[in-house]
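*Asks:* My file is model.cif. It has mmCIF, N, CA and C atoms:
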```cif
data_upload
#
loop_
_atom_site.label_atom_id
_atom_site.label_comp_id
_atom_site.auth_asym_id
_atom_site.auth_seq_id
_atom_site.Cartn_x
_atom_site.Cartn_y
_atom_site.Cartn_z
N GLN A 1 139.47 59.50 296.30
CA GLN A 1 140.87 59.72 295.99
C GLN A 1 141.61 58.42 296.23
N LEU A 2 142.45 58.05 295.27
CA LEU A 2 143.24 56.84 295.40
C LEU A 2 144.68 57.26 295.10
N ASN A 3 145.46 57.41 296.16
CA ASN A 3 146.81 57.96 295.96
C ASN A 3 147.90 57.23 296.74
N LYS A 4 147.61 56.00 297.14
CA LYS A 4 148.61 55.24 297.89
C LYS A 4 148.90 53.92 297.18
N PRO A 5 150.10 53.36 297.38
CA PRO A 5 150.48 52.17 296.63
C PRO A 5 150.15 50.83 297.28
N ASP A 6 149.75 50.82 298.55
CA ASP A 6 149.69 49.52 299.23
C ASP A 6 148.38 48.77 298.99
N ALA A 7 148.49 47.46 298.94
CA ALA A 7 147.38 46.57 298.59
C ALA A 7 146.21 46.68 299.57
N GLU A 8 146.49 46.81 300.86
CA GLU A 8 145.40 46.91 301.84
C GLU A 8 144.55 48.15 301.58
N TYR A 9 145.19 49.23 301.26
CA TYR A 9 144.49 50.49 300.93
C TYR A 9 143.61 50.27 299.70
N HIS A 10 144.16 49.63 298.65
CA HIS A 10 143.38 49.36 297.45
C HIS A 10 142.16 48.49 297.78
N ASP A 11 142.36 47.46 298.61
CA ASP A 11 141.26 46.59 299.01
C ASP A 11 140.15 47.37 299.70
N HIS A 12 140.53 48.29 300.61
CA HIS A 12 139.53 49.09 301.32
C HIS A 12 138.72 49.94 300.35
N ILE A 13 139.39 50.53 299.38
CA ILE A 13 138.67 51.39 298.44
C ILE A 13 137.70 50.57 297.59
N VAL A 14 138.16 49.48 296.99
CA VAL A 14 137.25 48.71 296.13
C VAL A 14 136.11 48.11 296.94
N PHE A 15 136.37 47.71 298.18
CA PHE A 15 135.30 47.19 299.03
C PHE A 15 134.26 48.28 299.31
N SER A 16 134.72 49.48 299.69
CA SER A 16 133.80 50.57 300.01
C SER A 16 133.01 51.03 298.80
N VAL A 17 133.66 51.15 297.65
CA VAL A 17 132.95 51.55 296.44
C VAL A 17 131.88 50.50 296.09
N GLY A 18 132.25 49.23 296.17
CA GLY A 18 131.28 48.17 295.90
C GLY A 18 130.12 48.20 296.88
N ALA A 19 130.41 48.41 298.15
CA ALA A 19 129.36 48.46 299.17
C ALA A 19 128.40 49.63 298.92
N MET A 20 128.94 50.78 298.54
CA MET A 20 128.07 51.93 298.26
C MET A 20 127.21 51.69 297.03
N LEU A 21 127.79 51.07 296.00
CA LEU A 21 126.99 50.76 294.80
C LEU A 21 125.88 49.77 295.13
N ARG A 22 126.17 48.78 295.97
CA ARG A 22 125.14 47.81 296.36
C ARG A 22 124.06 48.49 297.20
N GLN A 23 124.45 49.37 298.10
CA GLN A 23 123.48 50.01 298.98
C GLN A 23 122.59 51.00 298.24
N TYR A 24 123.18 51.81 297.36
CA TYR A 24 122.43 52.89 296.73
C TYR A 24 122.01 52.62 295.29
N GLY A 25 122.58 51.59 294.67
CA GLY A 25 122.20 51.24 293.30
C GLY A 25 122.32 52.41 292.34
N ASP A 26 121.23 52.67 291.64
CA ASP A 26 121.21 53.74 290.64
C ASP A 26 121.09 55.12 291.27
N ASN A 27 121.00 55.20 292.59
CA ASN A 27 120.84 56.49 293.26
C ASN A 27 122.16 57.09 293.71
N ILE A 28 123.28 56.59 293.18
CA ILE A 28 124.58 57.13 293.55
C ILE A 28 125.48 57.16 292.32
N LYS A 29 126.31 58.17 292.27
CA LYS A 29 127.32 58.26 291.22
C LYS A 29 128.67 58.36 291.93
N ILE A 30 129.58 57.44 291.62
CA ILE A 30 130.88 57.38 292.30
C ILE A 30 131.99 57.64 291.29
N ALA A 31 132.93 58.49 291.71
CA ALA A 31 134.11 58.77 290.90
C ALA A 31 135.34 58.53 291.76
N VAL A 32 136.30 57.80 291.23
CA VAL A 32 137.56 57.54 291.93
C VAL A 32 138.67 58.19 291.10
N VAL A 33 139.42 59.08 291.75
CA VAL A 33 140.51 59.79 291.07
C VAL A 33 141.83 59.20 291.57
N ALA A 34 142.61 58.63 290.65
CA ALA A 34 143.89 58.02 291.00
C ALA A 34 145.03 58.93 290.57
N PHE A 35 145.96 59.15 291.50
CA PHE A 35 147.15 59.95 291.20
C PHE A 35 148.28 59.52 292.10
N GLY A 36 149.46 60.07 291.86
CA GLY A 36 150.62 59.67 292.64
C GLY A 36 150.79 58.16 292.57
N PRO A 37 151.24 57.54 293.67
CA PRO A 37 151.49 56.10 293.66
C PRO A 37 150.23 55.26 293.43
N GLY A 38 149.07 55.85 293.59
CA GLY A 38 147.82 55.12 293.37
C GLY A 38 147.48 54.92 291.90
N ILE A 39 148.15 55.65 291.00
CA ILE A 39 147.86 55.59 289.57
C ILE A 39 148.03 54.19 289.01
N HIS A 40 148.86 53.39 289.64
CA HIS A 40 149.20 52.07 289.10
C HIS A 40 148.01 51.13 289.00
N VAL A 41 146.97 51.35 289.81
CA VAL A 41 145.78 50.50 289.71
C VAL A 41 145.04 50.70 288.39
N LEU A 42 145.32 51.82 287.71
CA LEU A 42 144.66 52.10 286.44
C LEU A 42 145.57 51.90 285.24
N LEU A 43 146.75 51.36 285.47
CA LEU A 43 147.67 51.11 284.36
C LEU A 43 147.50 49.70 283.81
N LYS A 44 147.63 49.57 282.51
CA LYS A 44 147.58 48.25 281.88
C LYS A 44 148.72 47.38 282.40
N LYS A 45 149.88 47.99 282.58
CA LYS A 45 151.06 47.28 283.10
C LYS A 45 151.61 48.06 284.29
N PRO A 46 151.04 47.83 285.48
CA PRO A 46 151.48 48.59 286.67
C PRO A 46 152.97 48.40 286.93
N ARG A 47 153.59 49.48 287.38
CA ARG A 47 155.00 49.44 287.74
C ARG A 47 155.20 49.21 289.23
N ARG A 48 154.11 49.21 289.96
CA ARG A 48 154.11 48.88 291.38
C ARG A 48 153.13 47.73 291.56
N PRO A 49 153.26 46.98 292.64
CA PRO A 49 152.36 45.83 292.82
C PRO A 49 150.88 46.24 292.92
N VAL A 50 150.08 45.58 292.11
CA VAL A 50 148.62 45.69 292.16
C VAL A 50 148.11 44.27 292.04
N THR A 51 147.33 43.82 293.01
CA THR A 51 146.87 42.44 292.98
C THR A 51 145.89 42.23 291.83
N PRO A 52 145.89 41.04 291.25
CA PRO A 52 144.92 40.74 290.19
C PRO A 52 143.48 40.94 290.67
N THR A 53 143.22 40.63 291.94
CA THR A 53 141.87 40.80 292.49
C THR A 53 141.44 42.25 292.45
N VAL A 54 142.33 43.15 292.84
CA VAL A 54 141.99 44.58 292.81
C VAL A 54 141.74 45.03 291.37
N SER A 55 142.59 44.62 290.45
CA SER A 55 142.41 44.98 289.04
C SER A 55 141.06 44.49 288.52
N GLU A 56 140.70 43.25 288.85
CA GLU A 56 139.43 42.69 288.42
C GLU A 56 138.25 43.43 289.04
N LYS A 57 138.35 43.74 290.34
CA LYS A 57 137.25 44.44 291.02
C LYS A 57 137.08 45.85 290.49
N ILE A 58 138.17 46.54 290.19
CA ILE A 58 138.06 47.90 289.65
C ILE A 58 137.37 47.86 288.29
N ALA A 59 137.73 46.91 287.44
CA ALA A 59 137.08 46.78 286.14
C ALA A 59 135.58 46.47 286.32
N SER A 60 135.26 45.62 287.28
CA SER A 60 133.87 45.28 287.56
C SER A 60 133.10 46.49 288.08
N LEU A 61 133.72 47.27 288.96
CA LEU A 61 133.07 48.47 289.49
C LEU A 61 132.78 49.46 288.37
N SER A 62 133.68 49.53 287.41
CA SER A 62 133.45 50.39 286.25
C SER A 62 132.23 49.91 285.48
N ASP A 63 132.11 48.60 285.32
CA ASP A 63 130.94 48.03 284.63
C ASP A 63 129.64 48.37 285.35
N TYR A 64 129.72 48.53 286.67
CA TYR A 64 128.54 48.85 287.48
C TYR A 64 128.33 50.35 287.65
N GLY A 65 129.10 51.16 286.93
CA GLY A 65 128.82 52.59 286.92
C GLY A 65 129.79 53.50 287.64
N ALA A 66 130.79 52.95 288.34
CA ALA A 66 131.78 53.82 288.98
C ALA A 66 132.69 54.40 287.89
N ASP A 67 133.01 55.67 288.02
CA ASP A 67 133.91 56.33 287.09
C ASP A 67 135.31 56.37 287.68
N PHE A 68 136.31 56.13 286.84
CA PHE A 68 137.71 56.16 287.28
C PHE A 68 138.47 57.17 286.45
N TYR A 69 139.22 58.03 287.14
CA TYR A 69 140.00 59.08 286.50
C TYR A 69 141.47 58.89 286.83
N ALA A 70 142.31 59.00 285.81
CA ALA A 70 143.76 58.89 285.97
C ALA A 70 144.38 60.27 285.78
N CYS A 71 145.27 60.64 286.68
CA CYS A 71 145.91 61.95 286.64
C CYS A 71 146.95 62.02 285.53
N GLY A 72 146.75 62.95 284.61
CA GLY A 72 147.69 63.14 283.51
C GLY A 72 149.05 63.60 283.98
N ASN A 73 149.09 64.44 285.02
CA ASN A 73 150.39 64.90 285.55
C ASN A 73 151.20 63.73 286.07
N THR A 74 150.56 62.82 286.78
CA THR A 74 151.27 61.65 287.29
C THR A 74 151.76 60.79 286.13
N LEU A 75 150.92 60.61 285.13
CA LEU A 75 151.34 59.83 283.97
C LEU A 75 152.57 60.45 283.30
N LYS A 76 152.55 61.77 283.13
CA LYS A 76 153.69 62.45 282.52
C LYS A 76 154.96 62.25 283.32
N SER A 77 154.83 62.32 284.66
CA SER A 77 156.01 62.15 285.50
C SER A 77 156.60 60.75 285.37
N LEU A 78 155.76 59.79 285.01
CA LEU A 78 156.22 58.41 284.81
C LEU A 78 156.55 58.13 283.34
N LYS A 79 156.47 59.18 282.53
CA LYS A 79 156.70 59.05 281.08
C LYS A 79 155.72 58.06 280.45
N LEU A 80 154.46 58.17 280.85
CA LEU A 80 153.39 57.33 280.35
C LEU A 80 152.32 58.23 279.74
N GLY A 81 151.40 57.61 279.00
CA GLY A 81 150.32 58.36 278.39
C GLY A 81 149.01 57.60 278.45
N GLU A 82 148.03 58.14 277.75
CA GLU A 82 146.68 57.56 277.77
C GLU A 82 146.69 56.10 277.29
N LYS A 83 147.58 55.76 276.38
CA LYS A 83 147.66 54.39 275.85
C LYS A 83 148.05 53.38 276.92
N ASP A 84 148.62 53.85 278.03
CA ASP A 84 149.07 52.97 279.11
C ASP A 84 148.01 52.73 280.17
N VAL A 85 146.88 53.41 280.03
CA VAL A 85 145.80 53.37 281.03
C VAL A 85 144.72 52.39 280.57
N VAL A 86 144.10 51.70 281.54
CA VAL A 86 143.01 50.78 281.21
C VAL A 86 141.92 51.54 280.43
N PRO A 87 141.23 50.87 279.51
CA PRO A 87 140.32 51.57 278.61
C PRO A 87 139.13 52.26 279.27
N PHE A 88 138.70 51.79 280.43
CA PHE A 88 137.52 52.39 281.07
C PHE A 88 137.86 53.64 281.88
N ALA A 89 139.13 53.94 282.10
CA ALA A 89 139.51 55.12 282.89
C ALA A 89 139.68 56.33 281.97
N LYS A 90 139.29 57.47 282.48
CA LYS A 90 139.44 58.72 281.74
C LYS A 90 140.68 59.44 282.26
N VAL A 91 141.54 59.87 281.36
CA VAL A 91 142.72 60.63 281.75
C VAL A 91 142.32 62.10 281.86
N VAL A 92 142.64 62.70 283.00
CA VAL A 92 142.38 64.11 283.23
C VAL A 92 143.72 64.83 283.40
N GLU A 93 143.73 66.12 283.17
CA GLU A 93 144.99 66.85 283.22
C GLU A 93 145.62 66.81 284.61
N VAL A 94 144.83 67.13 285.64
CA VAL A 94 145.33 67.19 287.01
C VAL A 94 144.33 66.49 287.92
N GLY A 95 144.76 65.44 288.59
CA GLY A 95 143.86 64.69 289.47
C GLY A 95 143.29 65.53 290.60
N ALA A 96 144.13 66.33 291.25
CA ALA A 96 143.67 67.14 292.39
C ALA A 96 142.61 68.16 291.96
N SER A 97 142.79 68.77 290.80
CA SER A 97 141.77 69.74 290.36
C SER A 97 140.49 69.03 289.94
N THR A 98 140.60 67.78 289.49
CA THR A 98 139.41 67.00 289.17
C THR A 98 138.61 66.72 290.44
N LEU A 99 139.31 66.44 291.54
CA LEU A 99 138.62 66.26 292.82
C LEU A 99 137.82 67.52 293.19
N MET A 100 138.44 68.68 293.02
CA MET A 100 137.75 69.93 293.34
C MET A 100 136.57 70.16 292.41
N ALA A 101 136.74 69.89 291.12
CA ALA A 101 135.66 70.08 290.16
C ALA A 101 134.48 69.15 290.48
N LEU A 102 134.77 67.92 290.84
CA LEU A 102 133.70 66.98 291.20
C LEU A 102 132.94 67.46 292.43
N GLN A 103 133.66 68.02 293.41
CA GLN A 103 132.98 68.55 294.59
C GLN A 103 132.07 69.72 294.22
N LYS A 104 132.51 70.57 293.31
CA LYS A 104 131.67 71.68 292.86
C LYS A 104 130.41 71.17 292.17
N GLN A 105 130.52 69.98 291.56
CA GLN A 105 129.36 69.38 290.88
C GLN A 105 128.42 68.68 291.87
N GLY A 106 128.79 68.66 293.16
CA GLY A 106 127.92 68.06 294.17
C GLY A 106 128.40 66.74 294.73
N TYR A 107 129.53 66.25 294.27
CA TYR A 107 130.08 65.01 294.83
C TYR A 107 130.57 65.27 296.25
N ALA A 108 130.36 64.31 297.13
CA ALA A 108 130.94 64.36 298.48
C ALA A 108 132.36 63.80 298.38
N TYR A 109 133.25 64.31 299.20
CA TYR A 109 134.64 63.86 299.19
C TYR A 109 134.84 62.78 300.24
N ASN A 110 135.38 61.63 299.82
CA ASN A 110 135.68 60.54 300.74
C ASN A 110 137.17 60.25 300.69
N SER A 111 137.75 60.07 301.86
CA SER A 111 139.16 59.72 301.94
C SER A 111 139.27 58.42 302.72
N TRP A 112 139.83 57.40 302.10
CA TRP A 112 139.97 56.12 302.76
C TRP A 112 141.30 56.07 303.49
N GLN A 113 141.25 55.54 304.70
CA GLN A 113 142.46 55.37 305.50
C GLN A 113 142.70 53.87 305.65
N ALA A 114 143.87 53.41 305.26
CA ALA A 114 144.21 51.99 305.40
C ALA A 114 144.57 51.69 306.83
N GLY A 115 144.39 50.45 307.21
CA GLY A 115 144.77 50.03 308.55
C GLY A 115 143.56 49.56 309.33
N PRO A 116 143.79 49.15 310.59
CA PRO A 116 142.71 48.58 311.40
C PRO A 116 141.55 49.54 311.63
N ALA A 117 141.82 50.83 311.61
CA ALA A 117 140.75 51.81 311.85
C ALA A 117 140.27 52.42 310.53
N ALA A 118 140.23 51.62 309.49
CA ALA A 118 139.85 52.11 308.17
C ALA A 118 138.43 52.66 308.21
N HIS A 119 138.24 53.81 307.56
CA HIS A 119 136.93 54.42 307.50
C HIS A 119 136.91 55.44 306.37
N ALA A 120 135.74 55.84 306.01
CA ALA A 120 135.59 56.91 305.01
C ALA A 120 135.25 58.19 305.76
N VAL A 121 135.86 59.27 305.36
CA VAL A 121 135.59 60.56 305.96
C VAL A 121 134.86 61.40 304.92
N VAL A 122 133.69 61.85 305.25
CA VAL A 122 132.91 62.68 304.34
C VAL A 122 132.88 64.08 304.89
N SER A 123 133.25 65.03 304.06
CA SER A 123 133.17 66.43 304.51
C SER A 123 132.28 67.24 303.60
#
```
Rewrite the structure from the file as structure tokens, please.
*Replies:*
Amino acid sequence: QLNKPDAEYHDHIVFSVGAMLRQYGDNIKIAVVAFGPGIHVLLKKPRRPVTPTVSEKIASLSDYGADFYACGNTLKSLKLGEKDVVPFAKVVEVGASTLMALQKQGYAYNSWQAGPAAHAVVS
């Protein structure tokens, strides 16, 4: 889940996703669902600050097999549409329900916490 606007949070997520892809290679499937203030990392023209490094790393992670989902409800609230989203991201109707659907498919849920005690929580 990617739902916060701050750069440190974005850095933690892209670092963790990259680390998991390096560790597990083809034995892992990762999906990142962006909604709320986090949606901007998947916009062609973000309305909130997104560092060029994060944008580049997210595109690279997509090339390495990570899936990125953009919440359609969040896009609607911003008066945006699929044309405003980076080409590798899939627009879904509701980001939160996509998280639940992915868990039903066997995905583990990870929540990144920004700050000095950053960690992933798997339930």
*Asks:* Need to verify the contact set: range 36-51 of chain A, 6.5 Å, all atoms listed in the file, exclusion of same-chain residues closer than 2 positions in sequence. Can you return it as a compact mmCIF listing (two decimals) with N, CA and C atoms, in the frame of the given file?
*Replies:*
```
# COMPACT_ATOMS: atom_id res chain seq x y z
N LEU A 2 142.45 58.05 295.27
CA LEU A 2 143.24 56.84 295.40
C LEU A 2 144.68 57.26 295.10
N ASN A 3 145.46 57.41 296.16
CA ASN A 3 146.81 57.96 295.96
C ASN A 3 147.90 57.23 296.74
N LYS A 4 147.61 56.00 297.14
CA LYS A 4 148.61 55.24 297.89
C LYS A 4 148.90 53.92 297.18
N PRO A 5 150.10 53.36 297.38
CA PRO A 5 150.48 52.17 296.63
C PRO A 5 150.15 50.83 297.28
N ALA A 7 148.49 47.46 298.94
CA ALA A 7 147.38 46.57 298.59
C ALA A 7 146.21 46.68 299.57
N ALA A 34 142.61 58.63 290.65
CA ALA A 34 143.89 58.02 291.00
C ALA A 34 145.03 58.93 290.57
N THR A 53 143.22 40.63 291.94
CA THR A 53 141.87 40.80 292.49
C THR A 53 141.44 42.25 292.45
N VAL A 54 142.33 43.15 292.84
CA VAL A 54 141.99 44.58 292.81
C VAL A 54 141.74 45.03 291.37
N SER A 55 142.59 44.62 290.45
CA SER A 55 142.41 44.98 289.04
C SER A 55 141.06 44.49 288.52
N GLU A 56 140.70 43.25 288.85
CA GLU A 56 139.43 42.69 288.42
C GLU A 56 138.25 43.43 289.04
N ALA A 70 142.31 59.00 285.81
CA ALA A 70 143.76 58.89 285.97
C ALA A 70 144.38 60.27 285.78
N CYS A 71 145.27 60.64 286.68
CA CYS A 71 145.91 61.95 286.64
C CYS A 71 146.95 62.02 285.53
N THR A 74 150.56 62.82 286.78
CA THR A 74 151.27 61.65 287.29
C THR A 74 151.76 60.79 286.13
N ASP A 84 148.62 53.85 278.03
CA ASP A 84 149.07 52.97 279.11
C ASP A 84 148.01 52.73 280.17
N VAL A 85 146.88 53.41 280.03
CA VAL A 85 145.80 53.37 281.03
C VAL A 85 144.72 52.39 280.57
N VAL A 86 144.10 51.70 281.54
CA VAL A 86 143.01 50.78 281.21
C VAL A 86 141.92 51.54 280.43
```
*Asks:* With distances taken over all atoms listed in the file, which of A:Ser111, A:Asn27, A:Ala66, A:Val33 is nearest to Leu99 in chain A?
*Replies:*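 Closest candidate: A:Val33.
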*Asks:* Of the candidates A:Tyr9, A:Phe15, A:Tyr64, A:Tyr69, which shows the shortest atom-to-atom distance to Thr98 in chain A, using only C-alpha atoms?
*Replies:*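 Under the stated criterion, the closest residue is A:Tyr69.
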*Asks:* To one decimal place in Å, what is the distance between CA of Ala31 in chain A and CA of His10 in chain A?
*Replies:* 14.7 Å
*Asks:* Which of these, A:Gly25, A:Pro52, A:Gly95, A:Gly106, has the shortest distance to Asn73 in chain A once you count only N, CA and C atoms?
*Replies:*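 Smallest separation from Asn73 in chain A among the options: A:Gly95.
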*Asks:* Give me, as a ChimeraX atom specification, the residues of chain A that a backbone DSSP run labels strand (DSSP E or B).
*Replies:* /A:2,31-34,43,67-71,85,90-92,110-112,120-122
*Asks:* Smallest atom-to-atom distance to Ala59 in chain A: which of A:Tyr107, A:Phe88, A:Tyr24, A:Trp112, using all atoms listed in the file?
*Replies:* A:Phe88
*Asks:* Using Å and a single decimal, report how far atom C of Val92 in chain A sits from atom N of Val17 in chain A.
*Replies:*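 That distance, rounded to one decimal, is 22.2 Å.
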*Asks:* Taking only C-alpha atoms into account, name the residue in A:Ala108, A:Pro87, A:Val94, A:Glu8 that is nearest to Lys29 in chain A.
*Replies:* A:Ala108
